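What follows is a set of notes on a single structure, which appears directly below.
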Amino acid sequence: MNLSDAEYVREGLHFPACQILLRVDRDLTDTDGSVTLSDTRYFVTSIDPQHITADELLAKVRRHWQIENSIFHIKDCWWFEDRHWTKRPGLSEWLANLTTTAIVVLRLLANSQAQRPIRARADDVQWRPKLGLQLLGLA
């Protein structure tokens with residue numbers, strides 16, 4: 001039996017909604033043009049192949065990584081969200097919602113520090129809570 005890649009993923013790996021498998025090769029280059037990192041990423045999607053172009057698929061992949069890098073990278077790498085655990089039902093979900101809200105608020109606040117990285121702005125508010133209240137218009 002000769003299955004296509006998508007059929008193999010659907011039937012052999014039990015991903016019944018798989019319609020498209022996507023491979024994205026990426027090279028990161030330095031300012032001098034030399035390649036500093038090469039990697040390959042694979043994606044599985046349930047999008048009907050008859051209703052999307054290759055350019056549209058690539059745009060969806062880029063939007064996925066934009067979200068990953070703008071929210072989840074900060075939560076995981078800066079605020080170590082994945083290292084926190086609790087036995088209280090629902091508490092982890094609330095903590096995740098609070099950190100996401102904090103990131104969104106720090107991004108939306110228009111202030112004199114807008115050009116500073118989000119982590120620096122978060123540190124300022126952490127060490128000076130009154131500043132956070134002022135930025136929110138609560139002080």
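Labels for the structure tokens follow display order: chains A, B, ..., residues from 1 in each chain, ligands from 1.
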Sel. of helix (DSSP H, G or I) residues, chain A, as a compact mmCIF listing (two decimals) with N, CA and C atoms, in the first residue's frame:
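Now in selection_33.txt:
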```txt
# COMPACT_ATOMS: atom_id res chain seq x y z
N ASP A 5 1.97 11.35 1.89
CA ASP A 5 2.41 11.79 3.21
C ASP A 5 1.23 12.20 4.08
N ALA A 6 0.30 12.97 3.52
CA ALA A 6 -0.86 13.41 4.30
C ALA A 6 -1.72 12.22 4.71
N GLU A 7 -1.88 11.25 3.81
CA GLU A 7 -2.66 10.06 4.16
C GLU A 7 -1.98 9.28 5.28
N TYR A 8 -0.66 9.19 5.22
CA TYR A 8 0.07 8.47 6.27
C TYR A 8 -0.14 9.15 7.62
N VAL A 9 -0.06 10.47 7.65
CA VAL A 9 -0.27 11.19 8.91
C VAL A 9 -1.70 11.01 9.38
N ARG A 10 -2.67 11.09 8.46
CA ARG A 10 -4.08 10.90 8.82
C ARG A 10 -4.34 9.50 9.37
N GLU A 11 -3.91 8.50 8.64
CA GLU A 11 -4.26 7.13 8.99
C GLU A 11 -3.23 6.45 9.87
N GLY A 12 -1.97 6.59 9.55
CA GLY A 12 -0.93 5.90 10.30
C GLY A 12 -0.63 6.53 11.64
N PRO A 49 -6.69 21.88 0.77
CA PRO A 49 -5.68 22.34 -0.20
C PRO A 49 -6.27 23.09 -1.40
N GLN A 50 -7.55 22.88 -1.68
CA GLN A 50 -8.19 23.55 -2.81
C GLN A 50 -8.52 25.01 -2.51
N HIS A 51 -8.43 25.40 -1.22
CA HIS A 51 -8.86 26.74 -0.83
C HIS A 51 -7.74 27.63 -0.30
N ALA A 54 0.15 28.50 -1.68
CA ALA A 54 1.40 28.34 -0.93
C ALA A 54 1.77 29.64 -0.21
N ASP A 55 1.57 30.77 -0.87
CA ASP A 55 1.88 32.06 -0.23
C ASP A 55 1.00 32.31 1.00
N GLU A 56 -0.27 31.93 0.91
CA GLU A 56 -1.18 32.09 2.04
C GLU A 56 -0.77 31.17 3.21
N LEU A 57 -0.35 29.95 2.88
CA LEU A 57 0.13 29.04 3.93
C LEU A 57 1.36 29.62 4.63
N LEU A 58 2.29 30.14 3.86
CA LEU A 58 3.49 30.73 4.44
C LEU A 58 3.13 31.92 5.34
N ALA A 59 2.17 32.72 4.91
CA ALA A 59 1.72 33.86 5.73
C ALA A 59 1.15 33.37 7.06
N LYS A 60 0.40 32.27 7.05
CA LYS A 60 -0.14 31.71 8.29
C LYS A 60 0.97 31.22 9.21
N VAL A 61 1.99 30.60 8.64
CA VAL A 61 3.14 30.14 9.44
C VAL A 61 3.83 31.34 10.09
N ARG A 62 4.02 32.39 9.33
CA ARG A 62 4.69 33.59 9.88
C ARG A 62 3.85 34.22 10.99
N ARG A 63 2.53 34.28 10.82
CA ARG A 63 1.67 34.82 11.89
C ARG A 63 1.75 33.95 13.14
N HIS A 64 1.81 32.63 12.94
CA HIS A 64 1.95 31.72 14.09
C HIS A 64 3.20 32.06 14.88
N TRP A 65 4.31 32.23 14.21
CA TRP A 65 5.57 32.51 14.92
C TRP A 65 5.59 33.92 15.49
N GLN A 66 4.86 34.84 14.88
CA GLN A 66 4.77 36.18 15.44
C GLN A 66 4.09 36.12 16.81
N ILE A 67 3.02 35.35 16.91
CA ILE A 67 2.33 35.19 18.20
C ILE A 67 3.23 34.45 19.18
N GLU A 68 3.85 33.39 18.71
CA GLU A 68 4.75 32.61 19.57
C GLU A 68 5.85 33.49 20.15
N ASN A 69 6.46 34.31 19.30
CA ASN A 69 7.58 35.14 19.75
C ASN A 69 7.14 36.32 20.58
N SER A 70 5.96 36.88 20.32
CA SER A 70 5.55 38.09 21.02
C SER A 70 4.91 37.81 22.38
N ILE A 71 4.33 36.63 22.57
CA ILE A 71 3.68 36.34 23.86
C ILE A 71 4.31 35.15 24.55
N PHE A 72 4.30 34.01 23.90
CA PHE A 72 4.70 32.79 24.59
C PHE A 72 6.19 32.74 24.90
N HIS A 73 7.02 33.31 24.05
CA HIS A 73 8.46 33.34 24.34
C HIS A 73 8.71 34.15 25.62
N ILE A 74 8.04 35.27 25.74
CA ILE A 74 8.20 36.09 26.95
C ILE A 74 7.72 35.33 28.17
N LYS A 75 6.56 34.69 28.06
CA LYS A 75 6.01 33.96 29.20
C LYS A 75 6.91 32.79 29.60
N ASP A 76 7.44 32.07 28.64
CA ASP A 76 8.23 30.88 28.94
C ASP A 76 9.68 31.20 29.31
N CYS A 77 10.31 32.09 28.56
CA CYS A 77 11.74 32.34 28.76
C CYS A 77 12.04 33.44 29.77
N TRP A 78 11.19 34.45 29.86
CA TRP A 78 11.46 35.54 30.78
C TRP A 78 10.76 35.35 32.12
N GLU A 81 7.03 30.69 32.99
CA GLU A 81 5.68 30.20 33.26
C GLU A 81 5.62 28.67 33.28
N ASP A 82 6.38 28.02 32.42
CA ASP A 82 6.34 26.55 32.36
C ASP A 82 6.92 25.88 33.60
N ARG A 83 7.69 26.60 34.36
CA ARG A 83 8.28 26.02 35.57
C ARG A 83 7.34 26.07 36.77
N LEU A 91 -5.89 27.23 39.15
CA LEU A 91 -4.94 28.29 39.49
C LEU A 91 -3.94 28.52 38.36
N SER A 92 -3.45 27.46 37.75
CA SER A 92 -2.49 27.61 36.65
C SER A 92 -3.10 28.41 35.50
N GLU A 93 -4.37 28.14 35.22
CA GLU A 93 -5.05 28.88 34.15
C GLU A 93 -5.14 30.36 34.49
N TRP A 94 -5.45 30.68 35.74
CA TRP A 94 -5.54 32.08 36.15
C TRP A 94 -4.17 32.76 36.06
N LEU A 95 -3.12 32.07 36.49
CA LEU A 95 -1.78 32.65 36.40
C LEU A 95 -1.40 32.90 34.94
N ALA A 96 -1.73 31.97 34.06
CA ALA A 96 -1.44 32.15 32.63
C ALA A 96 -2.22 33.35 32.09
N ASN A 97 -3.47 33.49 32.48
CA ASN A 97 -4.27 34.64 32.02
C ASN A 97 -3.69 35.95 32.54
N LEU A 98 -3.22 35.96 33.77
CA LEU A 98 -2.64 37.18 34.33
C LEU A 98 -1.36 37.58 33.61
N THR A 99 -0.49 36.60 33.31
CA THR A 99 0.75 36.96 32.61
C THR A 99 0.46 37.43 31.18
N THR A 100 -0.51 36.81 30.52
CA THR A 100 -0.88 37.27 29.18
C THR A 100 -1.44 38.69 29.24
N THR A 101 -2.29 38.96 30.22
CA THR A 101 -2.84 40.30 30.39
C THR A 101 -1.74 41.31 30.65
N ALA A 102 -0.79 40.95 31.50
CA ALA A 102 0.32 41.86 31.80
C ALA A 102 1.11 42.20 30.54
N ILE A 103 1.37 41.21 29.71
CA ILE A 103 2.11 41.46 28.46
C ILE A 103 1.32 42.37 27.54
N VAL A 104 0.03 42.11 27.40
CA VAL A 104 -0.80 42.93 26.52
C VAL A 104 -0.85 44.37 27.03
N VAL A 105 -1.03 44.55 28.33
CA VAL A 105 -1.08 45.90 28.90
C VAL A 105 0.26 46.61 28.70
N LEU A 106 1.37 45.92 28.93
CA LEU A 106 2.68 46.55 28.74
C LEU A 106 2.89 46.95 27.28
N ARG A 107 2.35 46.18 26.37
CA ARG A 107 2.48 46.53 24.94
C ARG A 107 1.59 47.71 24.55
N LEU A 108 0.42 47.78 25.16
CA LEU A 108 -0.55 48.82 24.77
C LEU A 108 -0.30 50.18 25.41
N ILE A 118 9.96 45.13 26.46
CA ILE A 118 8.86 44.83 27.38
C ILE A 118 9.39 44.37 28.74
N ARG A 119 10.45 43.61 28.74
CA ARG A 119 10.99 43.10 30.00
C ARG A 119 11.47 44.25 30.88
N ALA A 120 12.11 45.25 30.28
CA ALA A 120 12.57 46.40 31.06
C ALA A 120 11.38 47.17 31.63
N ARG A 121 10.32 47.31 30.82
CA ARG A 121 9.12 48.01 31.32
C ARG A 121 8.47 47.21 32.45
N ALA A 122 8.44 45.89 32.31
CA ALA A 122 7.87 45.04 33.37
C ALA A 122 8.69 45.16 34.65
N ASP A 123 10.01 45.19 34.52
CA ASP A 123 10.87 45.33 35.70
C ASP A 123 10.62 46.68 36.39
N ASP A 124 10.45 47.75 35.59
CA ASP A 124 10.16 49.06 36.18
C ASP A 124 8.89 49.03 37.02
N VAL A 125 7.84 48.41 36.46
CA VAL A 125 6.57 48.34 37.18
C VAL A 125 6.70 47.43 38.40
N GLN A 126 7.46 46.37 38.28
CA GLN A 126 7.65 45.45 39.41
C GLN A 126 8.32 46.16 40.58
N TRP A 127 9.33 46.95 40.28
CA TRP A 127 10.06 47.63 41.36
C TRP A 127 9.41 48.93 41.80
N PRO A 129 5.59 49.84 41.83
CA PRO A 129 4.18 49.58 41.55
C PRO A 129 3.36 50.85 41.32
N LYS A 130 3.76 51.92 41.96
CA LYS A 130 3.03 53.18 41.77
C LYS A 130 3.08 53.63 40.31
N LEU A 131 4.21 53.36 39.64
CA LEU A 131 4.34 53.67 38.23
C LEU A 131 3.30 52.89 37.43
N GLY A 132 3.13 51.61 37.74
CA GLY A 132 2.14 50.80 37.05
C GLY A 132 0.74 51.36 37.22
N LEU A 133 0.41 51.78 38.41
CA LEU A 133 -0.92 52.37 38.66
C LEU A 133 -1.07 53.68 37.87
N GLN A 134 -0.01 54.47 37.81
CA GLN A 134 -0.06 55.73 37.07
C GLN A 134 -0.26 55.46 35.57
N LEU A 135 0.45 54.46 35.05
CA LEU A 135 0.33 54.13 33.63
C LEU A 135 -1.08 53.68 33.28
```
Fill in: Spatial neighbours of A:Val44, 9 Å, only C-alpha atoms, chain gap at least 3 places, as a VMD selection string
chain A and resid 6 9 15 18 to 22
Residues just named, written with N, CA and C atoms as a short mmCIF file (atom, residue, chain, number, x, y, z; two decimals), in the first residue's frame:
```cif
data_model
loop_
_atom_site.label_atom_id
_atom_site.label_comp_id
_atom_site.auth_asym_id
_atom_site.auth_seq_id
_atom_site.Cartn_x
_atom_site.Cartn_y
_atom_site.Cartn_z
N ALA A 6 0.30 12.97 3.52
CA ALA A 6 -0.86 13.41 4.30
C ALA A 6 -1.72 12.22 4.71
N VAL A 9 -0.06 10.47 7.65
CA VAL A 9 -0.27 11.19 8.91
C VAL A 9 -1.70 11.01 9.38
N PHE A 15 -4.02 11.36 12.83
CA PHE A 15 -4.39 12.76 12.76
C PHE A 15 -5.46 12.85 11.68
N CYS A 18 -5.84 15.87 9.12
CA CYS A 18 -4.69 16.33 8.33
C CYS A 18 -5.04 16.43 6.86
N GLN A 19 -4.86 17.61 6.30
CA GLN A 19 -5.07 17.82 4.87
C GLN A 19 -3.78 18.20 4.16
N ILE A 20 -2.95 18.98 4.86
CA ILE A 20 -1.70 19.46 4.26
C ILE A 20 -0.57 19.27 5.26
N LEU A 21 0.55 18.77 4.76
CA LEU A 21 1.81 18.78 5.52
C LEU A 21 2.67 19.86 4.91
N LEU A 22 3.30 20.64 5.74
CA LEU A 22 4.08 21.77 5.25
C LEU A 22 5.46 21.72 5.86
#
```
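You will find atom CA of A:Thr40 at 6.9 Å from atom CA of A:Arg23.
Each of A:Asp25, A:Ala17, A:Trp85, A:Arg116 was checked against A:Tyr42 using only C-alpha atoms; the smallest atom-to-atom distance is that of A:Asp25.
The two atoms in question, atom CA of A:Pro16 and atom CA of A:Phe43, are spaced 14.7 Å apart.
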